[in-house]
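Colleague: Okay, so here is model21.cif, and as you'll see once you scroll down, it has mmCIF, C-alpha atoms.
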data_run
loop_
_atom_site.label_atom_id
_atom_site.label_comp_id
_atom_site.auth_asym_id
_atom_site.auth_seq_id
_atom_site.Cartn_x
_atom_site.Cartn_y
_atom_site.Cartn_z
CA MET F 1 18.49 5.03 -19.19
CA PRO F 2 16.66 7.82 -17.30
CA GLY F 3 16.38 7.56 -13.55
CA THR F 4 13.36 7.96 -11.33
CA VAL F 5 13.18 10.01 -8.15
CA LEU F 6 10.40 9.76 -5.57
CA LEU F 7 10.25 12.59 -3.02
CA LEU F 8 7.93 11.68 -0.14
CA ALA F 9 7.39 14.00 2.81
CA ALA F 10 4.58 13.10 5.19
CA SER F 11 3.42 13.87 8.71
CA PRO F 12 0.06 14.32 10.46
CA LEU F 13 -1.54 17.72 9.99
CA GLY F 14 -3.16 18.00 13.42
CA ARG F 15 -1.83 18.43 16.90
CA GLY F 16 0.84 16.03 18.07
CA ARG F 17 2.91 16.00 14.88
CA LEU F 18 6.60 15.46 15.54
CA VAL F 19 8.22 16.88 12.40
CA ASP F 20 7.38 19.35 9.65
CA ALA F 21 8.38 16.92 6.92
CA ALA F 22 7.08 18.90 3.95
CA SER F 23 9.34 21.86 4.79
CA VAL F 24 12.23 20.05 3.10
CA LEU F 25 10.52 19.70 -0.29
CA PRO F 26 11.31 23.23 -1.58
CA VAL F 27 15.00 22.59 -0.88
CA LEU F 28 14.93 19.22 -2.62
CA ALA F 29 12.91 20.60 -5.52
CA ALA F 30 15.68 23.13 -6.17
CA VAL F 31 18.14 20.30 -6.87
CA PRO F 32 18.45 19.33 -10.56
CA PRO F 33 16.78 15.96 -11.27
CA SER F 34 20.02 14.52 -12.62
CA VAL F 35 21.76 15.29 -9.30
CA LEU F 36 18.89 13.86 -7.27
CA SER F 37 19.07 10.60 -9.21
CA GLY F 38 22.73 10.32 -10.14
CA ALA F 39 21.63 9.66 -13.75
CA ASP F 40 21.95 11.92 -16.79
CA THR F 41 18.18 12.52 -16.82
CA ALA F 42 15.43 11.66 -14.36
CA ASN F 43 11.70 11.83 -13.76
CA VAL F 44 10.77 13.30 -10.39
CA VAL F 45 7.57 12.47 -8.49
CA GLU F 46 6.77 14.59 -5.44
CA LEU F 47 4.30 13.67 -2.68
CA ALA F 48 3.71 16.36 -0.06
CA ASP F 49 1.65 15.34 3.01
CA PRO F 50 -0.42 12.73 1.13
CA LEU F 51 -3.77 11.71 2.60
CA GLU F 52 -4.29 8.08 1.61
CA PRO F 53 -1.86 5.13 1.93
CA GLN F 54 -3.24 3.52 -1.24
CA ALA F 55 -2.40 6.66 -3.23
CA VAL F 56 1.18 6.54 -1.95
CA LEU F 57 1.33 2.83 -2.75
CA THR F 58 0.26 3.52 -6.33
CA ARG F 59 3.05 6.06 -6.83
CA LEU F 60 5.59 3.81 -5.10
CA ARG F 61 4.58 0.87 -7.28
CA ALA F 62 4.91 2.92 -10.46
CA ALA F 63 8.34 4.19 -9.39
CA ALA F 64 9.48 0.66 -8.56
CA ALA F 65 8.39 -0.54 -12.02
CA ALA F 66 10.58 2.05 -13.80
CA PRO F 67 13.48 0.32 -15.59
CA GLY F 68 16.29 2.75 -14.67
CA PRO F 69 17.88 3.61 -11.32
CA LEU F 70 15.47 4.61 -8.57
CA THR F 71 16.24 7.01 -5.72
CA VAL F 72 13.69 7.49 -2.94
CA TYR F 73 13.85 10.36 -0.45
CA VAL F 74 11.55 9.97 2.57
CA ALA F 75 11.04 12.49 5.37
CA GLY F 76 8.43 11.93 8.02
CA GLU F 77 7.53 10.26 11.29
CA LEU F 78 7.02 6.69 12.38
CA ARG F 79 4.15 5.26 14.40
CA LEU F 80 3.24 1.72 15.50
CA ASP F 81 -0.21 0.35 14.83
CA ARG F 82 -1.94 -0.91 17.95
CA ARG F 83 -2.92 -4.28 16.50
CA GLN F 84 0.31 -5.70 15.07
CA ARG F 85 2.88 -3.30 16.49
CA LEU F 86 4.40 -2.71 13.07
CA PRO F 87 6.02 0.59 12.00
CA HIS F 88 4.05 2.84 9.68
CA LEU F 89 4.87 6.14 7.98
CA ALA F 90 2.29 8.57 9.36
CA LEU F 91 0.31 10.46 6.71
CA ALA F 92 -1.73 13.65 6.89
CA ARG F 93 -4.83 12.06 8.46
CA THR F 94 -3.01 9.70 10.82
CA THR F 95 -3.89 9.71 14.51
CA PRO F 96 -2.66 7.29 17.21
CA ALA F 97 -5.94 5.37 16.98
CA THR F 98 -6.03 5.11 13.16
CA VAL F 99 -2.45 4.18 12.26
CA ARG F 100 -3.39 0.83 10.70
CA TYR F 101 -5.88 2.46 8.31
CA THR F 102 -4.47 5.92 7.58
CA ALA F 103 -0.68 5.40 7.61
CA LEU F 104 1.63 3.62 5.18
CA PRO F 105 2.91 0.24 6.47
CA TRP F 106 6.69 0.36 6.26
CA HIS F 107 6.91 -3.18 4.91
CA TRP F 108 5.19 -1.94 1.74
CA PHE F 109 8.51 -0.36 0.76
CA ARG F 110 10.20 -3.74 0.98
CA ASP F 111 7.36 -5.49 -0.81
CA GLU F 112 7.27 -3.07 -3.75
CA LEU F 113 11.04 -2.84 -4.18
CA ARG F 114 11.68 -6.58 -4.06
CA LEU F 115 11.56 -7.06 -7.86
CA ARG F 116 13.97 -4.29 -8.71
CA PRO F 117 17.38 -5.20 -10.16
CA ALA F 118 20.13 -5.60 -7.61
CA GLY F 119 21.98 -2.36 -6.99
CA ALA F 120 19.47 -0.15 -8.83
CA THR F 121 17.66 1.27 -5.77
CA THR F 122 18.80 3.79 -3.16
CA LEU F 123 16.81 5.25 -0.28
CA PHE F 124 17.65 8.31 1.81
CA LEU F 125 15.57 8.47 5.00
CA ASP F 126 15.04 11.17 7.61
CA LEU F 127 12.54 9.83 10.12
CA ARG F 128 11.36 10.90 13.55
CA ALA F 129 9.89 8.21 15.84
CA ASP F 130 7.40 8.66 18.64
CA ALA F 131 8.32 7.23 22.04
CA ASP F 132 6.61 3.88 21.49
CA THR F 133 8.19 3.34 18.07
CA TRP F 134 11.60 4.46 19.31
CA ARG F 135 11.58 1.79 22.03
CA ALA F 136 10.64 -0.85 19.47
CA LEU F 137 13.43 0.18 17.09
CA CYS F 138 16.05 0.18 19.84
CA ALA F 139 15.02 -3.22 21.23
CA PRO F 140 17.25 -6.22 20.40
CA PRO F 141 16.02 -7.86 17.18
CA ALA F 142 14.09 -11.09 17.52
CA PRO F 143 15.86 -14.17 16.08
CA GLY F 144 14.99 -14.71 12.44
CA ARG F 145 13.13 -11.40 12.10
CA PRO F 146 14.42 -8.55 9.93
CA PHE F 147 15.05 -5.05 11.20
CA PRO F 148 11.64 -3.27 11.36
CA LEU F 149 12.70 -0.71 8.72
CA ASP F 150 14.08 -3.33 6.32
CA CYS F 151 13.81 -2.14 2.70
CA GLY F 152 14.99 -5.36 1.07
CA ARG F 153 18.41 -6.89 0.49
CA ASP F 154 18.84 -5.36 -2.98
CA ALA F 155 18.45 -1.70 -1.93
CA ALA F 156 21.03 0.68 -0.48
CA VAL F 157 19.65 2.63 2.50
CA TYR F 158 21.15 5.72 4.14
CA GLY F 159 19.80 8.16 6.69
CA ARG F 160 18.78 8.40 10.32
CA VAL F 161 15.88 7.85 12.69
CA ALA F 162 15.68 10.49 15.42
CA PRO F 163 14.06 9.98 18.84
CA PRO F 164 11.04 12.04 19.92
CA PRO F 165 11.85 15.73 20.42
CA ALA F 166 12.98 16.48 23.97
CA ARG F 167 10.67 19.45 24.13
CA ARG F 168 7.14 19.88 22.92
CA GLY F 169 7.11 21.28 19.46
CA VAL F 170 7.64 20.33 15.84
CA ALA F 171 11.15 19.31 14.73
CA ALA F 172 12.71 19.97 11.34
CA PRO F 173 14.00 17.21 9.02
CA ALA F 174 17.60 18.30 9.59
CA TYR F 175 19.27 15.31 7.90
CA MET F 176 17.26 15.71 4.69
CA LYS F 177 17.80 19.49 4.60
CA ALA F 178 21.54 19.05 5.03
CA LEU F 179 21.52 16.39 2.31
CA ALA F 180 19.60 18.66 -0.05
CA THR F 181 22.00 21.53 0.65
CA LEU F 182 24.94 19.34 -0.33
CA LEU F 183 23.14 18.25 -3.49
CA ARG F 184 22.39 21.85 -4.47
CA SER F 185 26.09 22.31 -5.12
CA GLY F 186 25.37 20.51 -8.38
CA ARG F 187 27.74 17.62 -7.74
CA ARG F 188 26.48 14.16 -6.87
CA LEU F 189 28.92 12.53 -4.46
CA PRO F 190 29.05 8.73 -4.00
CA ASP F 191 26.18 7.71 -1.76
CA GLU F 192 28.27 6.70 1.26
CA GLU F 193 30.34 9.88 1.13
CA LEU F 194 27.20 11.97 0.75
CA HIS F 195 25.68 10.23 3.77
CA GLN F 196 28.77 10.76 5.94
CA ARG F 197 29.04 14.45 5.03
CA THR F 198 25.37 14.91 5.85
CA LEU F 199 25.81 13.29 9.25
CA ALA F 200 28.78 15.56 9.94
CA ARG F 201 26.63 18.63 9.27
CA ILE F 202 23.94 17.63 11.76
CA ALA F 203 26.29 16.15 14.38
CA PRO F 204 25.63 18.86 17.00
CA GLU F 205 21.89 18.29 16.77
CA GLY F 206 21.99 14.48 16.80
CA ALA F 207 24.61 14.32 19.58
CA GLY F 208 24.90 10.57 19.12
CA ALA F 209 21.24 9.93 19.93
CA ASP F 210 20.08 9.16 16.39
CA LEU F 211 19.76 5.68 14.96
CA VAL F 212 21.99 5.83 11.87
CA LEU F 213 20.98 3.81 8.81
CA ALA F 214 23.69 2.67 6.40
CA GLN F 215 23.10 -0.39 4.23
CA ARG F 216 25.15 -0.84 1.11
CA GLY F 217 23.69 -2.40 -2.01
CA PRO F 218 24.33 -6.03 -2.94
CA LEU F 219 27.90 -7.18 -3.49
CA PRO F 220 29.07 -8.63 -6.83
CA GLY F 221 28.17 -12.28 -7.17
CA ASP F 222 24.88 -11.88 -5.32
CA PRO F 223 22.60 -14.71 -6.50
CA HIS F 224 19.74 -12.25 -6.82
CA ALA F 225 21.72 -10.43 -9.48
CA ALA F 226 22.14 -13.68 -11.43
CA VAL F 227 18.41 -14.38 -11.27
CA THR F 228 17.61 -10.82 -12.33
CA ALA F 229 20.03 -11.01 -15.25
CA ALA F 230 18.40 -14.22 -16.50
CA VAL F 231 14.93 -12.65 -16.33
CA ARG F 232 16.01 -9.49 -18.15
CA ALA F 233 17.50 -11.67 -20.90
CA GLY F 234 14.21 -13.55 -21.22
CA ARG F 235 15.63 -16.81 -19.86
CA HIS F 236 12.74 -17.43 -17.49
CA ALA F 237 13.21 -21.19 -17.17
CA GLU F 238 16.87 -20.68 -16.26
CA ALA F 239 15.92 -18.06 -13.64
CA ASP F 240 13.36 -20.39 -12.05
CA ALA F 241 15.79 -23.31 -12.03
CA LEU F 242 18.42 -21.19 -10.29
CA ALA F 243 15.89 -19.93 -7.74
CA ALA F 244 14.72 -23.51 -7.14
CA ARG F 245 18.28 -24.61 -6.35
CA LEU F 246 18.71 -21.66 -3.98
CA GLU F 247 15.37 -22.49 -2.34
CA GLN F 248 16.45 -26.08 -1.80
CA ALA F 249 19.86 -25.04 -0.44
CA ALA F 250 18.26 -22.57 1.98
CA GLY F 251 15.83 -25.25 3.13
CA LEU F 252 18.62 -27.70 3.85
CA ALA F 253 20.69 -25.08 5.67
CA HIS F 254 17.96 -23.33 7.67
CA GLY F 255 14.84 -25.50 7.46
CA PRO F 256 12.06 -25.70 4.85
CA VAL F 257 9.86 -23.10 6.60
CA SER F 258 12.70 -20.71 7.48
CA GLU F 259 12.54 -17.15 6.17
CA GLU F 260 15.66 -17.88 4.12
CA ALA F 261 13.88 -20.70 2.27
CA LEU F 262 10.51 -18.93 2.03
CA HIS F 263 12.23 -15.92 0.51
CA TRP F 264 13.22 -18.01 -2.50
CA THR F 265 9.71 -19.45 -2.64
CA GLU F 266 8.47 -15.87 -2.98
CA VAL F 267 11.06 -15.23 -5.68
CA ARG F 268 9.81 -18.22 -7.68
CA ALA F 269 6.22 -16.97 -7.40
CA ASP F 270 7.35 -13.62 -8.76
CA LEU F 271 9.33 -15.30 -11.52
CA ALA F 272 6.18 -17.10 -12.67
CA MET F 273 4.44 -13.73 -12.86
CA LEU F 274 7.30 -12.21 -14.88
CA ALA F 275 7.17 -15.21 -17.23
CA GLY F 276 3.48 -14.49 -17.86
CA ASP F 277 2.23 -17.64 -16.10
CA ALA F 278 -0.41 -16.14 -13.82
CA ALA F 279 -1.85 -19.53 -12.84
CA ARG F 280 1.51 -20.86 -11.66
CA SER F 281 2.19 -17.63 -9.78
CA CYS F 282 -1.24 -17.74 -8.12
CA ARG F 283 -0.75 -21.36 -7.10
CA ALA F 284 2.70 -20.60 -5.67
CA TRP F 285 1.48 -17.64 -3.61
CA MET F 286 -1.41 -19.66 -2.19
CA ALA F 287 0.94 -22.51 -1.28
CA LEU F 288 3.23 -20.02 0.43
CA ALA F 289 0.34 -18.57 2.43
CA ASP F 290 -0.74 -22.08 3.47
CA THR F 291 2.83 -22.83 4.58
CA ARG F 292 3.02 -19.71 6.72
CA LEU F 293 -0.37 -20.34 8.28
CA ALA F 294 0.52 -23.98 9.00
CA ALA F 295 3.72 -22.75 10.68
CA GLY F 296 1.61 -20.76 13.14
CA GLN F 297 1.82 -17.30 11.62
CA PRO F 298 -1.38 -15.29 12.23
CA ALA F 299 -3.77 -14.49 9.40
CA ASP F 300 -3.06 -10.77 9.68
CA ALA F 301 0.73 -11.14 9.59
CA PRO F 302 2.11 -8.91 6.80
CA ALA F 303 3.79 -11.80 4.98
CA VAL F 304 0.58 -13.87 5.04
CA GLU F 305 -1.61 -10.98 3.88
CA ALA F 306 0.87 -10.12 1.13
CA ALA F 307 0.96 -13.71 -0.16
CA VAL F 308 -2.84 -13.93 -0.36
CA ASP F 309 -3.13 -10.47 -1.92
CA ARG F 310 -0.66 -11.44 -4.64
CA ALA F 311 -2.39 -14.77 -5.22
CA HIS F 312 -5.67 -12.87 -5.63
CA HIS F 313 -4.08 -10.40 -8.04
CA GLN F 314 -2.58 -13.15 -10.19
CA TRP F 315 -5.86 -15.09 -10.16
CA GLY F 316 -7.54 -12.04 -11.64
CA ARG F 317 -5.14 -12.20 -14.60
CA ILE F 318 -5.99 -15.82 -15.53
CA ASP F 319 -8.04 -16.16 -18.73
CA ASP F 320 -8.64 -19.93 -18.82
CA PRO F 321 -12.08 -20.51 -17.21
CA VAL F 322 -11.13 -23.99 -16.02
CA ARG F 323 -8.12 -22.68 -14.14
CA VAL F 324 -10.13 -19.74 -12.85
CA GLY F 325 -12.57 -22.19 -11.32
CA GLU F 326 -9.94 -24.62 -10.06
CA LEU F 327 -7.82 -21.99 -8.33
CA GLY F 328 -10.76 -19.81 -7.37
CA VAL F 329 -12.27 -22.51 -5.15
CA ARG F 330 -8.99 -22.69 -3.22
CA LEU F 331 -8.69 -18.92 -3.15
CA VAL F 332 -12.15 -18.31 -1.71
CA GLU F 333 -11.33 -20.65 1.18
CA LEU F 334 -8.01 -18.93 1.76
CA ARG F 335 -9.60 -15.49 1.51
CA SER F 336 -12.14 -16.48 4.15
CA ARG F 337 -9.22 -17.05 6.53
CA VAL F 338 -7.14 -14.09 5.34
CA PRO F 339 -9.50 -11.30 4.24
CA GLY F 340 -6.72 -8.68 4.07
CA ARG F 341 -7.06 -4.93 4.41
CA ARG F 342 -9.51 -4.31 1.58
CA GLU F 343 -13.18 -4.92 2.20
CA GLY F 344 -15.06 -7.23 -0.13
CA ALA F 345 -12.11 -9.39 -1.21
CA VAL F 346 -13.89 -12.67 -0.43
CA GLU F 347 -17.05 -11.59 -2.22
CA HIS F 348 -15.02 -10.54 -5.25
CA VAL F 349 -13.72 -14.11 -5.63
CA ARG F 350 -17.16 -15.64 -5.09
CA ARG F 351 -18.77 -13.28 -7.61
CA ARG F 352 -16.28 -14.17 -10.34
CA LEU F 353 -16.68 -17.86 -9.59
CA ARG F 354 -20.45 -17.52 -9.99
CA GLU F 355 -19.91 -15.77 -13.32
CA VAL F 356 -17.65 -18.59 -14.53
CA GLN F 357 -20.17 -21.18 -13.35
CA GLY F 358 -22.95 -19.28 -15.11
CA ARG F 359 -21.08 -19.55 -18.39
CA GLY F 360 -20.86 -23.32 -17.92
CA ALA F 361 -17.09 -23.32 -17.54
CA MET F 362 -17.16 -25.29 -14.29
CA PRO F 363 -19.59 -27.76 -12.69
CA ALA F 364 -22.00 -26.24 -10.21
CA GLY F 365 -20.79 -28.50 -7.43
CA HIS F 366 -17.32 -26.96 -7.61
CA LEU F 367 -18.46 -23.63 -6.20
CA ARG F 368 -18.37 -23.55 -2.43
CA THR F 369 -19.74 -20.34 -0.92
CA ASP F 370 -19.51 -21.28 2.74
CA PRO F 371 -16.20 -20.73 4.53
CA PRO F 372 -14.12 -23.79 5.46
CA GLN F 373 -14.37 -25.19 8.95
CA GLY F 374 -12.59 -23.00 11.46
CA ALA F 375 -12.57 -19.94 9.16
CA THR F 376 -14.30 -16.65 9.77
CA ALA F 377 -16.94 -15.72 7.23
CA VAL F 378 -16.63 -12.26 5.73
CA PRO F 379 -19.81 -10.75 4.30
#
Please express what this file holds, its structure, as structure tokens.

Modeller:
Amino acid sequence: MPGTVLLLAASPLGRGRLVDAASVLPVLAAVPPSVLSGADTANVVELADPLEPQAVLTRLRAAAAAPGPLTVYVAGELRLDRRQRLPHLALARTTPATVRYTALPWHWFRDELRLRPAGATTLFLDLRADADTWRALCAPPAPGRPFPLDCGRDAAVYGRVAPPPARRGVAAPAYMKALATLLRSGRRLPDEELHQRTLARIAPEGAGADLVLAQRGPLPGDPHAAVTAAVRAGRHAEADALAARLEQAAGLAHGPVSEEALHWTEVRADLAMLAGDAARSCRAWMALADTRLAAGQPADAPAVEAAVDRAHHQWGRIDDPVRVGELGVRLVELRSRVPGRREGAVEHVRRRLREVQGRGAMPAGHLRTDPPQGATAVP
């Protein structure tokens, strides 16, 4: 099965950039695709200083949907948004004041890679952090919260995050260039060995200051692998039953609203989507969002926004007008509380509900256009 390679190099184009990320692409492009991917053949997608986060998301989503092994190479710089203090990959138009709108939220990597088969995804990262982001990455992790650069439990991650340059100027992506130089030999070493040899080459520059990233893929017997195997064999009911047992076990061990339990709730929502049951998937994502909100998570928390966005997406795939109306009424209320990053999301739900009502598929009284009590109306 052919592999897929995503080469992403991004940094702001104006003053204040920390690293010339795109300078590594010619070196990587000289490496044969089969060596980049570790597969016999591979498709390579290259993104050099992209402008829009949604464009990067589209390419990332397509790469994540590819059935073979996926290898992602990312060079760039990290910034925190001022509102949520979450790490973002700065893009060409990113400035300190516009991080939330012009940079790529790092958790999008985790979100898009979550459905990939266990052990089929590898990331190599060479990142430079500004002073604010560096302090956040080096701070002790909060209980129950993942590492800020988490890429998901099923992906292998290797690389480094470097602190801000000591002197004013633009740094080079030394780790990624050393990695590419090793790959140009034409021999693909095992990932861990490749990572260690790369670190050895840049040791004088890093001088122990870098934050080294080394996360192996899932071990044999990982329950995610069992769920994935059942889905790939078309045994969707078996996959959901297994995920339900794991959800219950996590709830008993850690609490019903713990991240361990909610993770399996998310898995079950995704399994409904993979089984072609958009209504069940939509209902599950909305229930998950309600659970997170009831637990005190803010409406703009990434996990809350992601749950509502996925519920909205699945709702758009429902054909039965009765279910469209039934779930749409709940969704418009939820969207009023969690509008998300895209403008017009609430109005999109209301407009489709009016269309369904106009066709006589639902009683007029079922359509509620005012936001629920305590919610913020979005025009």

Colleague: From the options F:Ala284, F:Asp319, F:Val72, F:Pro87, which residue's atoms come nearest to Val356 in chain F, counting all atoms listed in the file?

Modeller: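 Looking at the shortest contact to Val356 in chain F, the residue is F:Asp319.
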
Colleague: Leaving out Ser281 in chain F and any residue of its chain fewer than 2 positions from it, which residues lie within 8 Å of it when counting all atoms listed in the file, given as a PyMOL selection string?

Modeller: chain F and resi 268-273+277-279+283-285+311+314

Colleague: Nearest to Ala30 in chain F: which of F:Arg330, F:Arg245, F:Lys177, F:Arg235 is it, counting all atoms listed in the file?

Modeller: F:Lys177

Colleague: Would you list the residues near (17.9, 1.7, 18.0), meaning any protein, DNA or RNA residue with an atom at most 9 Å from that point in file coordinates, counting all atoms listed in the file, as a list in words?

Modeller: Trp134, Arg135, Ala136, Leu137, Cys138, Ala139, Pro140, Val161, Asp210, Leu211 and Val212 of chain F

Colleague: Please evaluate the PyMOL selection byres ((chain F and resi 305) around 12) against the structure above and give the resulting residues as a PDB file with C-alpha atoms, in the coordinates of the input.

Modeller:
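out-v3.pdb was written with the following content:
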ATOM      1  CA  HIS F 107       6.910  -3.180   4.910  1.00  0.00           C
ATOM      2  CA  TRP F 108       5.190  -1.940   1.740  1.00  0.00           C
ATOM      3  CA  ASP F 111       7.360  -5.490  -0.810  1.00  0.00           C
ATOM      4  CA  TRP F 285       1.480 -17.640  -3.610  1.00  0.00           C
ATOM      5  CA  MET F 286      -1.410 -19.660  -2.190  1.00  0.00           C
ATOM      6  CA  LEU F 288       3.230 -20.020   0.430  1.00  0.00           C
ATOM      7  CA  ALA F 289       0.340 -18.570   2.430  1.00  0.00           C
ATOM      8  CA  ASP F 290      -0.740 -22.080   3.470  1.00  0.00           C
ATOM      9  CA  ARG F 292       3.020 -19.710   6.720  1.00  0.00           C
ATOM     10  CA  LEU F 293      -0.370 -20.340   8.280  1.00  0.00           C
ATOM     11  CA  GLN F 297       1.820 -17.300  11.620  1.00  0.00           C
ATOM     12  CA  PRO F 298      -1.380 -15.290  12.230  1.00  0.00           C
ATOM     13  CA  ALA F 299      -3.770 -14.490   9.400  1.00  0.00           C
ATOM     14  CA  ASP F 300      -3.060 -10.770   9.680  1.00  0.00           C
ATOM     15  CA  ALA F 301       0.730 -11.140   9.590  1.00  0.00           C
ATOM     16  CA  PRO F 302       2.110  -8.910   6.800  1.00  0.00           C
ATOM     17  CA  ALA F 303       3.790 -11.800   4.980  1.00  0.00           C
ATOM     18  CA  VAL F 304       0.580 -13.870   5.040  1.00  0.00           C
ATOM     19  CA  ALA F 306       0.870 -10.120   1.130  1.00  0.00           C
ATOM     20  CA  ALA F 307       0.960 -13.710  -0.160  1.00  0.00           C
ATOM     21  CA  VAL F 308      -2.840 -13.930  -0.360  1.00  0.00           C
ATOM     22  CA  ASP F 309      -3.130 -10.470  -1.920  1.00  0.00           C
ATOM     23  CA  ARG F 310      -0.660 -11.440  -4.640  1.00  0.00           C
ATOM     24  CA  ALA F 311      -2.390 -14.770  -5.220  1.00  0.00           C
ATOM     25  CA  HIS F 312      -5.670 -12.870  -5.630  1.00  0.00           C
ATOM     26  CA  LEU F 334      -8.010 -18.930   1.760  1.00  0.00           C
ATOM     27  CA  ARG F 335      -9.600 -15.490   1.510  1.00  0.00           C
ATOM     28  CA  SER F 336     -12.140 -16.480   4.150  1.00  0.00           C
ATOM     29  CA  ARG F 337      -9.220 -17.050   6.530  1.00  0.00           C
ATOM     30  CA  VAL F 338      -7.140 -14.090   5.340  1.00  0.00           C
ATOM     31  CA  PRO F 339      -9.500 -11.300   4.240  1.00  0.00           C
ATOM     32  CA  GLY F 340      -6.720  -8.680   4.070  1.00  0.00           C
ATOM     33  CA  ARG F 341      -7.060  -4.930   4.410  1.00  0.00           C
ATOM     34  CA  ARG F 342      -9.510  -4.310   1.580  1.00  0.00           C
ATOM     35  CA  ALA F 345     -12.110  -9.390  -1.210  1.00  0.00           C
TER      36      ALA F 345
END

Colleague: Rounded to one decimal place, report the CA of Glu112 in chain F-CA of His224 in chain F distance in Å.

Modeller: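 So the answer is 15.8 Å.
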
Colleague: Using all atoms listed in the file, which residues sit within 12 Å of Met176 in chain F once same-chain residues fewer than 2 positions away are excluded, as a PyMOL selection string?

Modeller: chain F and resi 7-9+19-28+72-76+123-128+158-161+172-174+178-183+194-195+197-199+201-202

Colleague: Using all atoms listed in the file, which of the listed residues (F:Val99, F:Ala225, F:Leu60, F:Ala10) sits closest to Arg153 in chain F?

Modeller: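 The answer is F:Ala225, which sits nearest to Arg153 in chain F.
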
Colleague: Selected by the PyMOL selection byres ((chain F and resi 101) around 9) in the shown coordinates: which residues, as a list in words?

Modeller: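 Answer for the PyMOL selection byres ((chain F and resi 101) around 9): Glu52, Pro53, Asp81, Thr94, Thr98, Val99, Arg100, Thr102, Ala103, Leu104 and Arg341 of chain F.
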
Colleague: Of the candidates F:Leu86, F:Ala55, F:Arg188, F:Gly234, which one gets nearest to Val31 in chain F if we count only C-alpha atoms?

Modeller: F:Arg188

Colleague: Choose the residue, out of F:Ala90, F:Arg351, F:Phe109, F:Tyr175, that has the smallest atom-to-atom separation from Ala200 in chain F; count all atoms listed in the file.

Modeller: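 Among F:Ala90, F:Arg351, F:Phe109, F:Tyr175, it is F:Tyr175 that comes nearest to Ala200 in chain F.
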
Colleague: Report as a PyMOL selection string the residues that result from applying the PyMOL selection byres ((chain F and resi 43) around 12) to the structure here.

Modeller: chain F and resi 1-7+32-42+44-46+62-63+66-72

Colleague: Can you complete the atoms of range 228-239 of chain F to N, CA and C atoms and list them as a PDB file, in the coordinates of the input?

Modeller:
ATOM      1  N   THR F 228      18.116 -11.999 -11.633  1.00  0.00           N
ATOM      2  CA  THR F 228      17.610 -10.820 -12.330  1.00  0.00           C
ATOM      3  C   THR F 228      18.151 -10.755 -13.752  1.00  0.00           C
ATOM      4  N   ALA F 229      19.427 -11.059 -13.912  1.00  0.00           N
ATOM      5  CA  ALA F 229      20.030 -11.010 -15.250  1.00  0.00           C
ATOM      6  C   ALA F 229      19.365 -12.020 -16.180  1.00  0.00           C
ATOM      7  N   ALA F 230      19.063 -13.212 -15.666  1.00  0.00           N
ATOM      8  CA  ALA F 230      18.400 -14.220 -16.500  1.00  0.00           C
ATOM      9  C   ALA F 230      17.006 -13.759 -16.917  1.00  0.00           C
ATOM     10  N   VAL F 231      16.277 -13.139 -15.997  1.00  0.00           N
ATOM     11  CA  VAL F 231      14.930 -12.650 -16.330  1.00  0.00           C
ATOM     12  C   VAL F 231      15.000 -11.558 -17.385  1.00  0.00           C
ATOM     13  N   ARG F 232      15.922 -10.608 -17.210  1.00  0.00           N
ATOM     14  CA  ARG F 232      16.010  -9.490 -18.150  1.00  0.00           C
ATOM     15  C   ARG F 232      16.435  -9.962 -19.529  1.00  0.00           C
ATOM     16  N   ALA F 233      17.112 -11.105 -19.600  1.00  0.00           N
ATOM     17  CA  ALA F 233      17.500 -11.670 -20.900  1.00  0.00           C
ATOM     18  C   ALA F 233      16.412 -12.574 -21.469  1.00  0.00           C
ATOM     19  N   GLY F 234      15.298 -12.713 -20.742  1.00  0.00           N
ATOM     20  CA  GLY F 234      14.210 -13.550 -21.220  1.00  0.00           C
ATOM     21  C   GLY F 234      14.380 -15.021 -20.957  1.00  0.00           C
ATOM     22  N   ARG F 235      15.371 -15.397 -20.148  1.00  0.00           N
ATOM     23  CA  ARG F 235      15.630 -16.810 -19.860  1.00  0.00           C
ATOM     24  C   ARG F 235      14.871 -17.190 -18.575  1.00  0.00           C
ATOM     25  N   HIS F 236      13.573 -17.247 -18.683  1.00  0.00           N
ATOM     26  CA  HIS F 236      12.740 -17.430 -17.490  1.00  0.00           C
ATOM     27  C   HIS F 236      12.904 -18.816 -16.875  1.00  0.00           C
ATOM     28  N   ALA F 237      13.031 -19.840 -17.706  1.00  0.00           N
ATOM     29  CA  ALA F 237      13.210 -21.190 -17.170  1.00  0.00           C
ATOM     30  C   ALA F 237      14.529 -21.294 -16.407  1.00  0.00           C
ATOM     31  N   GLU F 238      15.566 -20.669 -16.934  1.00  0.00           N
ATOM     32  CA  GLU F 238      16.870 -20.680 -16.260  1.00  0.00           C
ATOM     33  C   GLU F 238      16.775 -19.948 -14.915  1.00  0.00           C
ATOM     34  N   ALA F 239      16.070 -18.808 -14.895  1.00  0.00           N
ATOM     35  CA  ALA F 239      15.920 -18.060 -13.640  1.00  0.00           C
ATOM     36  C   ALA F 239      15.190 -18.882 -12.594  1.00  0.00           C
TER      37      ALA F 239
END
